[in-house]
file run08.json (JSON, C-alpha atoms)
[["chain", "number", "residue", "atom", "x", "y", "z"],
["A", 143, "MET", "CA", -28.91, 4.21, -4.96],
["A", 144, "ASN", "CA", -27.75, 2.67, -1.66],
["A", 145, "PHE", "CA", -30.60, 0.16, -1.84],
["A", 146, "LEU", "CA", -29.63, -0.91, -5.38],
["A", 147, "LEU", "CA", -25.97, -1.15, -4.37],
["A", 148, "SER", "CA", -26.96, -3.37, -1.45],
["A", 149, "ILE", "CA", -28.93, -5.73, -3.70],
["A", 150, "ALA", "CA", -26.07, -5.91, -6.20],
["A", 151, "PHE", "CA", -23.58, -6.56, -3.39],
["A", 152, "VAL", "CA", -25.61, -9.42, -1.92],
["A", 153, "LEU", "CA", -26.05, -11.13, -5.29],
["A", 154, "CYS", "CA", -22.44, -10.66, -6.39],
["A", 155, "TRP", "CA", -20.94, -11.74, -3.07],
["A", 156, "SER", "CA", -23.20, -14.81, -2.96],
["A", 157, "SER", "CA", -22.10, -15.69, -6.49],
["A", 158, "GLY", "CA", -18.61, -16.36, -5.12],
["A", 159, "PHE", "CA", -19.82, -19.43, -3.23],
["A", 160, "ILE", "CA", -21.63, -20.67, -6.34],
["A", 161, "GLY", "CA", -18.57, -20.05, -8.53],
["A", 162, "ALA", "CA", -16.38, -21.96, -6.08],
["A", 163, "LYS", "CA", -18.80, -24.88, -6.32],
["A", 164, "LEU", "CA", -18.70, -24.72, -10.11],
["A", 165, "GLY", "CA", -14.93, -24.95, -10.19],
["A", 166, "ALA", "CA", -14.53, -27.48, -7.35],
["A", 167, "GLY", "CA", -15.33, -30.41, -9.60],
["A", 168, "SER", "CA", -12.48, -29.74, -12.04],
["A", 169, "ALA", "CA", -9.55, -28.38, -10.00],
["A", 170, "SER", "CA", -8.13, -27.86, -6.51],
["A", 171, "ALA", "CA", -8.85, -24.73, -4.50],
["A", 172, "VAL", "CA", -5.42, -23.14, -5.00],
["A", 173, "THR", "CA", -5.49, -23.83, -8.75],
["A", 174, "ILE", "CA", -8.81, -22.03, -9.11],
["A", 175, "LEU", "CA", -7.66, -19.12, -6.97],
["A", 176, "MET", "CA", -4.33, -18.80, -8.78],
["A", 177, "TRP", "CA", -5.98, -18.54, -12.20],
["A", 178, "ARG", "CA", -8.66, -16.28, -10.81],
["A", 179, "PHE", "CA", -6.18, -13.67, -9.58],
["A", 180, "LEU", "CA", -3.01, -13.99, -11.67],
["A", 181, "PRO", "CA", -4.40, -12.71, -15.02],
["A", 182, "LEU", "CA", -6.57, -10.17, -13.19],
["A", 183, "ALA", "CA", -3.59, -8.79, -11.27],
["A", 184, "VAL", "CA", -1.58, -8.38, -14.49],
["A", 185, "VAL", "CA", -4.40, -6.41, -16.13],
["A", 186, "LEU", "CA", -4.92, -4.19, -13.08],
["A", 187, "ILE", "CA", -1.19, -3.47, -12.75],
["A", 188, "VAL", "CA", -0.97, -2.48, -16.44],
["A", 189, "ILE", "CA", -3.95, -0.13, -15.97],
["A", 190, "ALA", "CA", -2.36, 1.31, -12.83],
["A", 191, "THR", "CA", 0.93, 2.09, -14.59],
["A", 192, "THR", "CA", -0.83, 3.93, -17.41],
["A", 193, "SER", "CA", -3.08, 6.01, -15.16],
["A", 194, "GLY", "CA", -1.25, 6.81, -11.97],
["A", 195, "THR", "CA", -3.34, 9.73, -10.74],
["A", 196, "SER", "CA", -5.01, 7.69, -7.99],
["A", 197, "TRP", "CA", -1.62, 6.58, -6.67],
["A", 198, "ARG", "CA", -0.31, 10.07, -5.98],
["A", 199, "GLY", "CA", 0.37, 10.81, -2.34],
["A", 200, "LEU", "CA", 0.42, 7.16, -1.28],
["A", 201, "THR", "CA", 3.32, 6.13, 0.93],
["A", 202, "VAL", "CA", 5.03, 2.75, 1.17],
["A", 203, "ARG", "CA", 3.25, 2.28, 4.48],
["A", 204, "ASP", "CA", -0.14, 2.83, 2.84],
["A", 205, "VAL", "CA", 0.60, 0.22, 0.17],
["A", 206, "ALA", "CA", 1.90, -2.23, 2.79],
["A", 207, "ARG", "CA", -1.28, -1.74, 4.81],
["A", 208, "GLN", "CA", -3.42, -2.44, 1.75],
["A", 209, "SER", "CA", -1.35, -5.56, 1.06],
["A", 210, "MET", "CA", -2.11, -6.81, 4.56],
["A", 211, "ILE", "CA", -5.80, -6.06, 4.10],
["A", 212, "GLY", "CA", -5.76, -7.96, 0.80],
["A", 213, "ALA", "CA", -4.00, -10.93, 2.39],
["A", 214, "LEU", "CA", -6.70, -11.12, 5.06],
["A", 215, "SER", "CA", -9.83, -10.24, 3.07],
["A", 216, "GLN", "CA", -8.99, -12.12, -0.12],
["A", 217, "SER", "CA", -6.24, -14.69, 0.41],
["A", 218, "GLY", "CA", -7.18, -15.88, 3.89],
["A", 219, "TYR", "CA", -10.93, -15.59, 3.45],
["A", 220, "LEU", "CA", -11.21, -17.17, 0.01],
["A", 221, "LEU", "CA", -8.77, -19.99, 0.67],
["A", 222, "THR", "CA", -10.85, -21.25, 3.60],
["A", 223, "VAL", "CA", -14.11, -20.91, 1.66],
["A", 224, "TYR", "CA", -12.78, -22.81, -1.35],
["A", 225, "TYR", "CA", -11.10, -25.44, 0.79],
["A", 226, "ALA", "CA", -14.30, -26.07, 2.75],
["A", 227, "ILE", "CA", -16.26, -26.55, -0.47],
["A", 228, "GLN", "CA", -13.51, -28.82, -1.79],
["A", 229, "LEU", "CA", -13.89, -30.93, 1.37],
["A", 230, "GLY", "CA", -17.57, -31.39, 0.53],
["A", 231, "VAL", "CA", -19.21, -28.63, 2.55],
["A", 232, "SER", "CA", -22.05, -27.26, 0.44],
["A", 233, "SER", "CA", -21.98, -23.70, -0.87],
["A", 234, "GLY", "CA", -25.01, -22.85, 1.24],
["A", 235, "THR", "CA", -23.51, -24.22, 4.44],
["A", 236, "THR", "CA", -20.24, -22.38, 3.87],
["A", 237, "ALA", "CA", -22.13, -19.11, 3.46],
["A", 238, "LEU", "CA", -24.20, -19.90, 6.54],
["A", 239, "ILE", "CA", -21.13, -20.36, 8.72],
["A", 240, "ASP", "CA", -19.66, -17.13, 7.36],
["A", 241, "GLY", "CA", -22.93, -15.48, 8.38],
["A", 242, "VAL", "CA", -21.66, -15.34, 11.96],
["A", 243, "GLN", "CA", -19.36, -12.50, 10.87],
["A", 244, "PRO", "CA", -21.86, -9.64, 11.47],
["A", 245, "LEU", "CA", -22.24, -10.54, 15.15],
["A", 246, "VAL", "CA", -18.47, -10.62, 15.66],
["A", 247, "ALA", "CA", -18.04, -7.30, 13.85],
["A", 248, "GLY", "CA", -20.98, -5.80, 15.75],
["A", 249, "VAL", "CA", -19.49, -6.80, 19.10],
["A", 250, "LEU", "CA", -16.12, -5.29, 18.20],
["A", 251, "ALA", "CA", -17.39, -2.13, 16.45],
["A", 252, "GLY", "CA", -17.92, -0.23, 19.70],
["A", 253, "PRO", "CA", -14.57, -0.74, 21.47],
["A", 254, "LEU", "CA", -12.40, -0.77, 18.34],
["A", 255, "LEU", "CA", -14.01, 1.90, 16.15],
["A", 256, "ARG", "CA", -15.92, 3.91, 18.77],
["A", 257, "GLN", "CA", -19.08, 3.53, 16.74],
["A", 258, "TYR", "CA", -22.42, 3.88, 18.48],
["A", 259, "VAL", "CA", -24.48, 0.68, 18.28],
["A", 260, "THR", "CA", -28.12, 1.11, 19.33],
["A", 261, "ARG", "CA", -30.26, -1.42, 21.18],
["A", 262, "LYS", "CA", -32.30, -1.98, 18.03],
["A", 263, "GLN", "CA", -29.14, -2.80, 16.13],
["A", 264, "TRP", "CA", -28.07, -5.30, 18.79],
["A", 265, "LEU", "CA", -31.54, -6.85, 18.64],
["A", 266, "GLY", "CA", -31.29, -7.10, 14.88],
["A", 267, "LEU", "CA", -27.82, -8.62, 15.01],
["A", 268, "CYS", "CA", -28.93, -11.28, 17.52],
["A", 269, "LEU", "CA", -32.06, -11.98, 15.51],
["A", 270, "GLY", "CA", -29.94, -12.37, 12.40],
["A", 271, "VAL", "CA", -27.75, -14.96, 14.10],
["A", 272, "SER", "CA", -30.89, -16.86, 15.09],
["A", 273, "GLY", "CA", -32.01, -16.92, 11.47],
["A", 274, "VAL", "CA", -28.62, -18.13, 10.32],
["A", 275, "ALA", "CA", -28.71, -20.85, 12.98],
["A", 276, "LEU", "CA", -32.09, -22.05, 11.73],
["A", 277, "VAL", "CA", -30.84, -22.44, 8.19],
["A", 278, "THR", "CA", -27.57, -24.02, 9.34],
["A", 279, "MET", "CA", -29.35, -26.69, 11.40],
["A", 280, "ALA", "CA", -31.65, -27.48, 8.50],
["A", 281, "ASP", "CA", -28.69, -27.94, 6.16],
["A", 282, "ALA", "CA", -26.71, -30.03, 8.65],
["A", 283, "ALA", "CA", -29.72, -32.28, 9.26],
["A", 284, "ALA", "CA", -29.66, -33.30, 5.60],
["A", 285, "GLY", "CA", -26.63, -35.50, 6.34],
["A", 286, "THR", "CA", -24.08, -35.08, 3.53],
["A", 287, "GLY", "CA", -21.39, -37.30, 5.08],
["A", 288, "VAL", "CA", -18.87, -34.45, 5.41],
["A", 289, "ALA", "CA", -16.34, -34.67, 8.26],
["A", 290, "ARG", "CA", -17.42, -32.53, 11.20],
["A", 291, "TRP", "CA", -14.11, -30.68, 11.42],
["A", 292, "ALA", "CA", -14.61, -29.42, 7.84],
["A", 293, "TYR", "CA", -17.38, -27.14, 9.11],
["A", 294, "LEU", "CA", -14.80, -25.29, 11.23],
["A", 295, "VAL", "CA", -12.76, -24.22, 8.19],
["A", 296, "PRO", "CA", -15.09, -21.37, 7.10],
["A", 297, "PHE", "CA", -14.88, -19.89, 10.60],
["A", 298, "LEU", "CA", -11.19, -19.16, 9.97],
["A", 299, "GLY", "CA", -12.14, -17.22, 6.85],
["A", 300, "MET", "CA", -14.83, -15.34, 8.73],
["A", 301, "PHE", "CA", -12.33, -14.13, 11.33],
["A", 302, "SER", "CA", -9.89, -13.23, 8.55],
["A", 303, "LEU", "CA", -12.46, -11.00, 6.85],
["A", 304, "VAL", "CA", -13.46, -9.39, 10.16],
["A", 305, "ALA", "CA", -9.81, -8.55, 10.83],
["A", 306, "ALA", "CA", -9.45, -7.00, 7.36],
["A", 307, "THR", "CA", -12.62, -4.95, 7.85],
["A", 308, "PHE", "CA", -11.39, -3.38, 11.07],
["A", 309, "LEU", "CA", -7.89, -2.85, 9.72],
["A", 310, "GLU", "CA", -9.36, -0.88, 6.82],
["A", 311, "SER", "CA", -11.80, 1.02, 9.03],
["A", 312, "ARG", "CA", -9.04, 2.19, 11.37],
["A", 313, "SER", "CA", -6.92, 3.48, 8.49],
["A", 314, "ARG", "CA", -6.74, 7.26, 8.18],
["A", 315, "ALA", "CA", -5.43, 7.23, 4.61],
["A", 316, "ARG", "CA", -8.15, 7.50, 1.97],
["A", 317, "VAL", "CA", -7.23, 5.02, -0.75],
["A", 318, "ALA", "CA", -9.12, 4.99, -4.05],
["A", 319, "PRO", "CA", -11.09, 1.76, -4.69],
["A", 320, "SER", "CA", -9.13, 1.17, -7.91],
["A", 321, "VAL", "CA", -5.86, 1.32, -5.98],
["A", 322, "SER", "CA", -6.97, -0.97, -3.17],
["A", 323, "MET", "CA", -8.41, -3.44, -5.69],
["A", 324, "THR", "CA", -5.10, -3.56, -7.56],
["A", 325, "VAL", "CA", -3.01, -4.05, -4.42],
["A", 326, "HIS", "CA", -5.37, -6.68, -2.99],
["A", 327, "CYS", "CA", -5.52, -8.68, -6.22],
["A", 328, "ALA", "CA", -1.75, -8.47, -6.74],
["A", 329, "THR", "CA", -1.18, -9.70, -3.18],
["A", 330, "SER", "CA", -3.59, -12.59, -3.67],
["A", 331, "ALA", "CA", -1.99, -13.47, -7.00],
["A", 332, "VAL", "CA", 1.41, -13.78, -5.30],
["A", 333, "VAL", "CA", 0.03, -15.81, -2.38],
["A", 334, "PHE", "CA", -1.99, -18.25, -4.47],
["A", 335, "THR", "CA", 0.68, -18.66, -7.14],
["A", 336, "ALA", "CA", 3.23, -19.51, -4.44],
["A", 337, "LEU", "CA", 0.84, -22.05, -2.92],
["A", 338, "ALA", "CA", 0.04, -23.60, -6.30],
["A", 339, "VAL", "CA", 3.72, -23.87, -7.26],
["A", 340, "SER", "CA", 4.63, -25.46, -3.93],
["A", 341, "ALA", "CA", 1.78, -27.97, -4.30],
["A", 342, "GLY", "CA", 2.54, -28.64, -7.98],
["A", 343, "VAL", "CA", -0.98, -27.76, -9.15],
["A", 344, "THR", "CA", -0.39, -24.75, -11.38],
["A", 345, "LYS", "CA", -1.60, -26.39, -14.62],
["A", 346, "PRO", "CA", -5.25, -25.56, -15.33],
["A", 347, "PRO", "CA", -7.58, -28.42, -16.34],
["A", 348, "ALA", "CA", -8.83, -28.76, -19.89],
["A", 349, "GLU", "CA", -12.51, -28.80, -18.94],
["A", 350, "PRO", "CA", -14.48, -25.77, -20.22],
["A", 351, "SER", "CA", -16.34, -25.66, -16.89],
["A", 352, "PHE", "CA", -13.11, -24.52, -15.21],
["A", 353, "TRP", "CA", -12.84, -21.39, -17.36],
["A", 354, "VAL", "CA", -16.56, -20.74, -17.01],
["A", 355, "ALA", "CA", -16.05, -20.74, -13.25],
["A", 356, "ILE", "CA", -13.00, -18.44, -13.52],
["A", 357, "THR", "CA", -14.91, -15.94, -15.69],
["A", 358, "TRP", "CA", -17.84, -16.09, -13.27],
["A", 359, "LEU", "CA", -15.60, -15.44, -10.27],
["A", 360, "VAL", "CA", -13.67, -12.55, -11.82],
["A", 361, "ALA", "CA", -16.69, -10.71, -13.20],
["A", 362, "LEU", "CA", -19.26, -11.23, -10.46],
["A", 363, "SER", "CA", -17.30, -12.02, -7.30],
["A", 364, "THR", "CA", -14.15, -9.90, -7.61],
["A", 365, "PHE", "CA", -15.34, -6.78, -9.44],
["A", 366, "GLY", "CA", -18.93, -7.04, -8.22],
["A", 367, "GLY", "CA", -18.92, -8.49, -4.72],
["A", 368, "TYR", "CA", -15.47, -7.53, -3.50],
["A", 369, "GLY", "CA", -15.51, -4.05, -5.03],
["A", 370, "LEU", "CA", -18.97, -3.27, -3.66],
["A", 371, "TYR", "CA", -17.96, -4.55, -0.21],
["A", 372, "TRP", "CA", -15.38, -1.81, 0.27],
["A", 373, "LEU", "CA", -17.56, 0.82, -1.42],
["A", 374, "ILE", "CA", -20.49, 0.18, 0.91],
["A", 375, "LEU", "CA", -18.13, -0.07, 3.89],
["A", 376, "ARG", "CA", -16.84, 3.44, 3.20],
["A", 377, "ARG", "CA", -20.27, 4.91, 2.50],
["A", 378, "SER", "CA", -22.35, 3.22, 5.19],
["A", 379, "GLY", "CA", -20.05, 1.87, 7.90],
["A", 380, "VAL", "CA", -19.22, -1.50, 9.43],
["A", 381, "THR", "CA", -22.63, -2.22, 10.98],
["A", 382, "LYS", "CA", -24.56, -1.83, 7.74],
["A", 383, "VAL", "CA", -22.18, -3.72, 5.49],
["A", 384, "ASN", "CA", -21.95, -6.61, 7.94],
["A", 385, "THR", "CA", -25.70, -6.70, 8.39],
["A", 386, "LEU", "CA", -25.97, -7.27, 4.64],
["A", 387, "MET", "CA", -23.69, -10.26, 5.15],
["A", 388, "PHE", "CA", -26.62, -11.93, 6.94],
["A", 389, "LEU", "CA", -28.37, -12.13, 3.57],
["A", 390, "MET", "CA", -25.55, -14.15, 1.98],
["A", 391, "ALA", "CA", -26.52, -17.33, 3.78],
["A", 392, "PRO", "CA", -30.19, -17.63, 2.69],
["A", 393, "VAL", "CA", -29.51, -16.24, -0.78],
["A", 394, "THR", "CA", -26.69, -18.73, -1.36],
["A", 395, "ALA", "CA", -28.78, -21.55, 0.10],
["A", 396, "GLY", "CA", -31.58, -20.79, -2.36],
["A", 397, "TRP", "CA", -29.16, -20.38, -5.24],
["A", 398, "GLY", "CA", -27.41, -23.65, -4.35],
["A", 399, "ALA", "CA", -30.74, -25.46, -4.16],
["A", 400, "PHE", "CA", -31.65, -24.21, -7.63],
["A", 401, "MET", "CA", -28.32, -24.97, -9.33],
["A", 402, "PHE", "CA", -26.99, -27.97, -7.38],
["A", 403, "GLY", "CA", -30.03, -29.49, -5.69],
["A", 404, "GLU", "CA", -28.88, -28.56, -2.19],
["A", 405, "PRO", "CA", -31.60, -28.88, 0.50],
["A", 406, "PHE", "CA", -34.01, -25.94, 0.90],
["A", 407, "GLY", "CA", -37.01, -26.77, 3.07],
["A", 408, "PRO", "CA", -39.51, -24.94, 5.31],
["A", 409, "GLN", "CA", -36.93, -24.38, 8.06],
["A", 410, "THR", "CA", -34.60, -22.72, 5.57],
["A", 411, "ALA", "CA", -37.45, -20.48, 4.41],
["A", 412, "LEU", "CA", -38.20, -19.57, 8.03],
["A", 413, "GLY", "CA", -34.56, -18.67, 8.59],
["A", 414, "LEU", "CA", -34.68, -16.43, 5.52],
["A", 415, "ALA", "CA", -37.69, -14.56, 6.94],
["A", 416, "VAL", "CA", -35.94, -14.08, 10.29],
["A", 417, "VAL", "CA", -32.79, -12.76, 8.62],
["A", 418, "LEU", "CA", -34.76, -10.28, 6.50],
["A", 419, "SER", "CA", -36.46, -9.01, 9.66],
["A", 420, "ALA", "CA", -33.07, -8.55, 11.29],
["A", 421, "VAL", "CA", -31.82, -6.44, 8.37],
["A", 422, "VAL", "CA", -34.85, -4.14, 8.65],
["A", 423, "ILE", "CA", -34.36, -3.70, 12.41],
["A", 424, "VAL", "CA", -30.66, -2.90, 12.12],
["A", 425, "TYR", "CA", -31.18, -0.38, 9.32],
["A", 426, "ARG", "CA", -33.92, 1.41, 11.26],
["A", 427, "GLY", "CA", -31.76, 1.41, 14.36],
["A", 428, "ASP", "CA", -28.92, 3.01, 12.40],
["A", 429, "ALA", "CA", -31.23, 5.77, 11.15],
["A", 430, "SER", "CA", -32.35, 6.47, 14.73],
["A", 431, "SER", "CA", -28.78, 6.69, 16.00],
["A", 432, "THR", "CA", -27.91, 9.12, 13.21],
["A", 433, "ARG", "CA", -30.75, 11.44, 14.26],
["A", 434, "VAL", "CA", -29.65, 11.25, 17.91],
["A", 435, "CYS", "CA", -26.09, 12.16, 17.00],
["A", 436, "ALA", "CA", -27.32, 15.07, 14.90],
["A", 437, "ARG", "CA", -29.31, 16.45, 17.85],
["A", 438, "ASP", "CA", -26.29, 16.08, 20.12],
["A", 439, "THR", "CA", -24.16, 18.02, 17.66],
["A", 440, "ASP", "CA", -26.70, 20.85, 17.48],
["A", 441, "ALA", "CA", -26.68, 21.04, 21.28],
["A", 442, "GLY", "CA", -22.93, 21.53, 21.31],
["A", 443, "LYS", "CA", -22.06, 18.00, 22.39],
["A", 444, "ALA", "CA", -19.49, 15.73, 20.79],
["A", 445, "ALA", "CA", -21.44, 13.34, 18.60],
["A", 446, "ARG", "CA", -20.23, 9.80, 18.40],
["A", 447, "PRO", "CA", -19.45, 8.74, 14.81],
["A", 448, "THR", "CA", -21.95, 6.30, 13.35],
["A", 449, "GLU", "CA", -20.34, 5.85, 9.95],
["A", 450, "TYR", "CA", -16.91, 5.03, 8.66],
["A", 451, "GLY", "CA", -14.84, 8.12, 8.19],
["A", 452, "ALA", "CA", -17.03, 10.26, 10.47]]

call {"tool": "encode", "arguments": {"input": "run08.json", "output": "structure tokens"}}
result
Amino acid sequence: MNFLLSIAFVLCWSSGFIGAKLGAGSASAVTILMWRFLPLAVVLIVIATTSGTSWRGLTVRDVARQSMIGALSQSGYLLTVYYAIQLGVSSGTTALIDGVQPLVAGVLAGPLLRQYVTRKQWLGLCLGVSGVALVTMADAAAGTGVARWAYLVPFLGMFSLVAATFLESRSRARVAPSVSMTVHCATSAVVFTALAVSAGVTKPPAEPSFWVAITWLVALSTFGGYGLYWLILRRSGVTKVNTLMFLMAPVTAGWGAFMFGEPFGPQTALGLAVVLSAVVIVYRGDASSTRVCARDTDAGKAARPTEYGA
């Protein structure tokens, strides 16, 4: 089940970059994001008011914390991704830059969450960055004429998502996925609507491709990718979920090459192989650390938590 969830998460999360590319030709980034979240937030709020069992016991502080997580993981992250693509950065390159996130999260997991990171996991994380670098250099060598500073924009989104991940992981309150999804989407709807109104770009374009992109983003990216992100985070921990993020770059690069003709050569294929090897190493390292912690517990020692919520 965890393996199937991981595959679904990688495909759905990668679809967000493709959906952003689909909509970039017909509307601005904030217009797409406003119409992606505004109707969705209304539907989720209506559902929440009719079935309030999951909201029982939540305090104002819990809801405020979830709003902050939503502002970081959806509003901040997605705005930078969409803006980078709007500037001309390819969907594959944007995903490749965001692929640095696992290393940042891996470095911070120990001191911030007191999670045990094995040597094999560190090796896998470093190997994964090497694979991402290979694919990134291959894409940059294609020469698309994009301003160099535009490639820095996705880094802002990467740090925003890392901050949201650790904010959620340090929370002691157990919030149902349906509740967090509603709060996050409502927060993003407010943020993006305010931005669209201030920029005067609230009117959606008449092109059918715009609504195709919106449907794509809501169904695959929001419910699929975003929902599975938090589910896997709670079930498997920060190291695993961020290791899967390494797969977004090569998968999106291949997807972009198929749909939009973006470059995908031998160096990109080599980077994909390196990234897949990194995922295997990190997952095996996590299994080893779990067995070590179990033996320490049996011996009467305090085992260090290896998973979220442990």

call {"tool": "atom_distance", "arguments": {"input": "run08.json", "atom1": "CA of Arg207 (chain A)", "atom2": "CA of Thr236 (chain A)"}}
result
28.0 Å

call {"tool": "closest_residue", "arguments": {"input": "run08.json", "among": "A:Ser209, A:Ala183, A:Ala399, A:Ser148", "to": "Val421 (chain A)", "atoms": "all atoms listed in the file"}}
result
A:Ser148

call {"tool": "residues_around", "arguments": {"input": "run08.json", "residues": "Gln228 (chain A)", "least_positions_apart": "6", "cutoff": "9 Å", "atoms": "only C-alpha atoms", "output": "PDB file with C-alpha atoms, in the frame of the given file"}}
result
ATOM      1  CA  ALA A 162     -16.380 -21.960  -6.080  1.00  0.00           C
ATOM      2  CA  LYS A 163     -18.800 -24.880  -6.320  1.00  0.00           C
ATOM      3  CA  ALA A 166     -14.530 -27.480  -7.350  1.00  0.00           C
ATOM      4  CA  GLY A 167     -15.330 -30.410  -9.600  1.00  0.00           C
ATOM      5  CA  SER A 170      -8.130 -27.860  -6.510  1.00  0.00           C
ATOM      6  CA  ALA A 171      -8.850 -24.730  -4.500  1.00  0.00           C
TER       7      ALA A 171
END

call {"tool": "closest_residue", "arguments": {"input": "run08.json", "among": "A:Ser156, A:Thr173, A:Thr324, A:Asn384", "to": "Ser340 (chain A)", "atoms": "only C-alpha atoms"}}
result
A:Thr173

call {"tool": "closest_residue", "arguments": {"input": "run08.json", "among": "A:Ala305, A:Cys327, A:Leu153, A:Val416", "to": "Leu182 (chain A)", "atoms": "only C-alpha atoms"}}
result
A:Cys327

call {"tool": "build_atoms", "arguments": {"input": "run08.json", "residues": "region 339-350 of chain A", "atoms": "N, CA and C atoms", "output": "PDB file, in the coordinates of the input"}}
result
ATOM      1  N   VAL A 339       2.400 -23.376  -6.839  1.00  0.00           N
ATOM      2  CA  VAL A 339       3.720 -23.870  -7.260  1.00  0.00           C
ATOM      3  C   VAL A 339       4.253 -24.876  -6.243  1.00  0.00           C
ATOM      4  N   SER A 340       4.134 -24.555  -4.966  1.00  0.00           N
ATOM      5  CA  SER A 340       4.630 -25.460  -3.930  1.00  0.00           C
ATOM      6  C   SER A 340       3.877 -26.773  -3.904  1.00  0.00           C
ATOM      7  N   ALA A 341       2.592 -26.747  -4.284  1.00  0.00           N
ATOM      8  CA  ALA A 341       1.780 -27.970  -4.300  1.00  0.00           C
ATOM      9  C   ALA A 341       1.836 -28.678  -5.644  1.00  0.00           C
ATOM     10  N   GLY A 342       2.443 -28.038  -6.662  1.00  0.00           N
ATOM     11  CA  GLY A 342       2.540 -28.640  -7.980  1.00  0.00           C
ATOM     12  C   GLY A 342       1.215 -28.740  -8.717  1.00  0.00           C
ATOM     13  N   VAL A 343       0.348 -27.729  -8.521  1.00  0.00           N
ATOM     14  CA  VAL A 343      -0.980 -27.760  -9.150  1.00  0.00           C
ATOM     15  C   VAL A 343      -1.243 -26.479  -9.939  1.00  0.00           C
ATOM     16  N   THR A 344      -0.225 -25.998 -10.628  1.00  0.00           N
ATOM     17  CA  THR A 344      -0.390 -24.750 -11.380  1.00  0.00           C
ATOM     18  C   THR A 344      -1.095 -24.953 -12.727  1.00  0.00           C
ATOM     19  N   LYS A 345      -1.035 -26.154 -13.289  1.00  0.00           N
ATOM     20  CA  LYS A 345      -1.600 -26.390 -14.620  1.00  0.00           C
ATOM     21  C   LYS A 345      -3.119 -26.405 -14.557  1.00  0.00           C
ATOM     22  N   PRO A 346      -3.785 -25.574 -15.350  1.00  0.00           N
ATOM     23  CA  PRO A 346      -5.250 -25.560 -15.330  1.00  0.00           C
ATOM     24  C   PRO A 346      -5.818 -26.773 -16.062  1.00  0.00           C
ATOM     25  N   PRO A 347      -6.960 -27.275 -15.656  1.00  0.00           N
ATOM     26  CA  PRO A 347      -7.580 -28.420 -16.340  1.00  0.00           C
ATOM     27  C   PRO A 347      -8.115 -28.031 -17.710  1.00  0.00           C
ATOM     28  N   ALA A 348      -8.366 -29.018 -18.528  1.00  0.00           N
ATOM     29  CA  ALA A 348      -8.830 -28.760 -19.890  1.00  0.00           C
ATOM     30  C   ALA A 348     -10.339 -28.565 -19.974  1.00  0.00           C
ATOM     31  N   GLU A 349     -11.055 -28.894 -18.901  1.00  0.00           N
ATOM     32  CA  GLU A 349     -12.510 -28.800 -18.940  1.00  0.00           C
ATOM     33  C   GLU A 349     -12.985 -27.366 -19.125  1.00  0.00           C
ATOM     34  N   PRO A 350     -13.934 -27.133 -20.037  1.00  0.00           N
ATOM     35  CA  PRO A 350     -14.480 -25.770 -20.220  1.00  0.00           C
ATOM     36  C   PRO A 350     -15.136 -25.221 -18.961  1.00  0.00           C
TER      37      PRO A 350
END
